[in-house]
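A short write-up of the structure that comes next.
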Amino acid sequence: MSLDVPLSVKIEEWRRAAAEGTITIEEMRAAVSAIRNGRVSAAARSATSRAKKEPVDVTSLENELDQL
């Protein structure tokens with residue numbers, strides 16, 4: 001996969017080739033690898049994001065609403 005072509009463009013090329021029946025094994029491997037790498041990095045970012053958040057204190061929120 002070329003570094004100067006965005007992943008979304010490559011995915012569209014792979015989809016087109018798959019629909020036409022012209023996709024090669026190497027292209028399929030590249031597609032699976034690229035998509036898998038994206039999922040792994042998204043999962044890591046999501047886990048980091050969730051880890052930073054503090055739990056919500058529901059009792060405190062209820063008390064604030066009662067004071068309104």
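Letters A, B, ... mark the chains of the structure tokens in the order given; residue numbers begin at 1 per chain; ligand numbers begin at 1, in order shown.
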
Handout entry: Those of range 6-65 of chain A in DSSP alpha helix (DSSP H), formatted as a ChimeraX atom specification
Key = /A:7-20,25-52,58-65

Exercise for the section: Find the spatial neighbours of Ala34 in chain A, counting only C-alpha atoms, within a cut-off of 10 Å - ignore same-chain residues fewer than 6 positions away - and output them as a PyMOL selection string. Expected result: chain A and resi 1+7+10-11+28

Residues near Ile23 in chain A, cut-off 10 Å, only C-alpha atoms, skip fewer than 6 positions along chain, as a PDB file with all heavy atoms, in the first residue's frame:
ATOM      1  N   GLU A  13     -10.816   1.216  -3.849  1.00  0.00           N
ATOM      2  CA  GLU A  13     -10.205   0.459  -4.946  1.00  0.00           C
ATOM      3  C   GLU A  13     -10.350  -1.042  -4.703  1.00  0.00           C
ATOM      4  O   GLU A  13     -10.668  -1.796  -5.632  1.00  0.00           O
ATOM      5  CB  GLU A  13      -8.723   0.819  -5.086  1.00  0.00           C
ATOM      6  CG  GLU A  13      -8.482   2.218  -5.595  1.00  0.00           C
ATOM      7  CD  GLU A  13      -7.010   2.601  -5.588  1.00  0.00           C
ATOM      8  OE1 GLU A  13      -6.145   1.735  -5.300  1.00  0.00           O
ATOM      9  OE2 GLU A  13      -6.719   3.767  -5.866  1.00  0.00           O
ATOM     10  N   TRP A  14     -10.118  -1.486  -3.474  1.00  0.00           N
ATOM     11  CA  TRP A  14     -10.257  -2.899  -3.151  1.00  0.00           C
ATOM     12  C   TRP A  14     -11.700  -3.358  -3.307  1.00  0.00           C
ATOM     13  O   TRP A  14     -11.962  -4.451  -3.799  1.00  0.00           O
ATOM     14  CB  TRP A  14      -9.754  -3.182  -1.736  1.00  0.00           C
ATOM     15  CG  TRP A  14      -8.270  -2.999  -1.561  1.00  0.00           C
ATOM     16  CD1 TRP A  14      -7.292  -3.285  -2.476  1.00  0.00           C
ATOM     17  CD2 TRP A  14      -7.602  -2.489  -0.425  1.00  0.00           C
ATOM     18  NE1 TRP A  14      -6.061  -2.978  -1.955  1.00  0.00           N
ATOM     19  CE2 TRP A  14      -6.213  -2.489  -0.695  1.00  0.00           C
ATOM     20  CE3 TRP A  14      -8.014  -2.028   0.827  1.00  0.00           C
ATOM     21  CZ2 TRP A  14      -5.257  -2.072   0.215  1.00  0.00           C
ATOM     22  CZ3 TRP A  14      -7.066  -1.599   1.734  1.00  0.00           C
ATOM     23  CH2 TRP A  14      -5.705  -1.616   1.432  1.00  0.00           C
ATOM     24  N   ARG A  15     -12.659  -2.523  -2.876  1.00  0.00           N
ATOM     25  CA  ARG A  15     -14.079  -2.869  -3.029  1.00  0.00           C
ATOM     26  C   ARG A  15     -14.446  -3.034  -4.497  1.00  0.00           C
ATOM     27  O   ARG A  15     -15.154  -3.957  -4.874  1.00  0.00           O
ATOM     28  CB  ARG A  15     -14.960  -1.786  -2.410  1.00  0.00           C
ATOM     29  CG  ARG A  15     -15.070  -1.864  -0.937  1.00  0.00           C
ATOM     30  CD  ARG A  15     -16.051  -0.852  -0.432  1.00  0.00           C
ATOM     31  NE  ARG A  15     -16.142  -0.918   1.005  1.00  0.00           N
ATOM     32  CZ  ARG A  15     -16.554   0.055   1.767  1.00  0.00           C
ATOM     33  NH1 ARG A  15     -16.940   1.198   1.226  1.00  0.00           N
ATOM     34  NH2 ARG A  15     -16.599  -0.076   3.068  1.00  0.00           N
ATOM     35  N   ARG A  16     -13.996  -2.095  -5.318  1.00  0.00           N
ATOM     36  CA  ARG A  16     -14.287  -2.142  -6.743  1.00  0.00           C
ATOM     37  C   ARG A  16     -13.714  -3.407  -7.362  1.00  0.00           C
ATOM     38  O   ARG A  16     -14.397  -4.132  -8.090  1.00  0.00           O
ATOM     39  CB  ARG A  16     -13.733  -0.909  -7.463  1.00  0.00           C
ATOM     40  CG  ARG A  16     -14.001  -0.893  -8.969  1.00  0.00           C
ATOM     41  CD  ARG A  16     -13.183   0.172  -9.683  1.00  0.00           C
ATOM     42  NE  ARG A  16     -11.776   0.260  -9.290  1.00  0.00           N
ATOM     43  CZ  ARG A  16     -10.819  -0.612  -9.634  1.00  0.00           C
ATOM     44  NH1 ARG A  16     -11.105  -1.650 -10.367  1.00  0.00           N
ATOM     45  NH2 ARG A  16      -9.573  -0.425  -9.243  1.00  0.00           N
ATOM     46  N   ALA A  17     -12.449  -3.690  -7.026  1.00  0.00           N
ATOM     47  CA  ALA A  17     -11.797  -4.881  -7.577  1.00  0.00           C
ATOM     48  C   ALA A  17     -12.506  -6.154  -7.106  1.00  0.00           C
ATOM     49  O   ALA A  17     -12.682  -7.096  -7.891  1.00  0.00           O
ATOM     50  CB  ALA A  17     -10.325  -4.912  -7.184  1.00  0.00           C
TER      51      ALA A  17
END
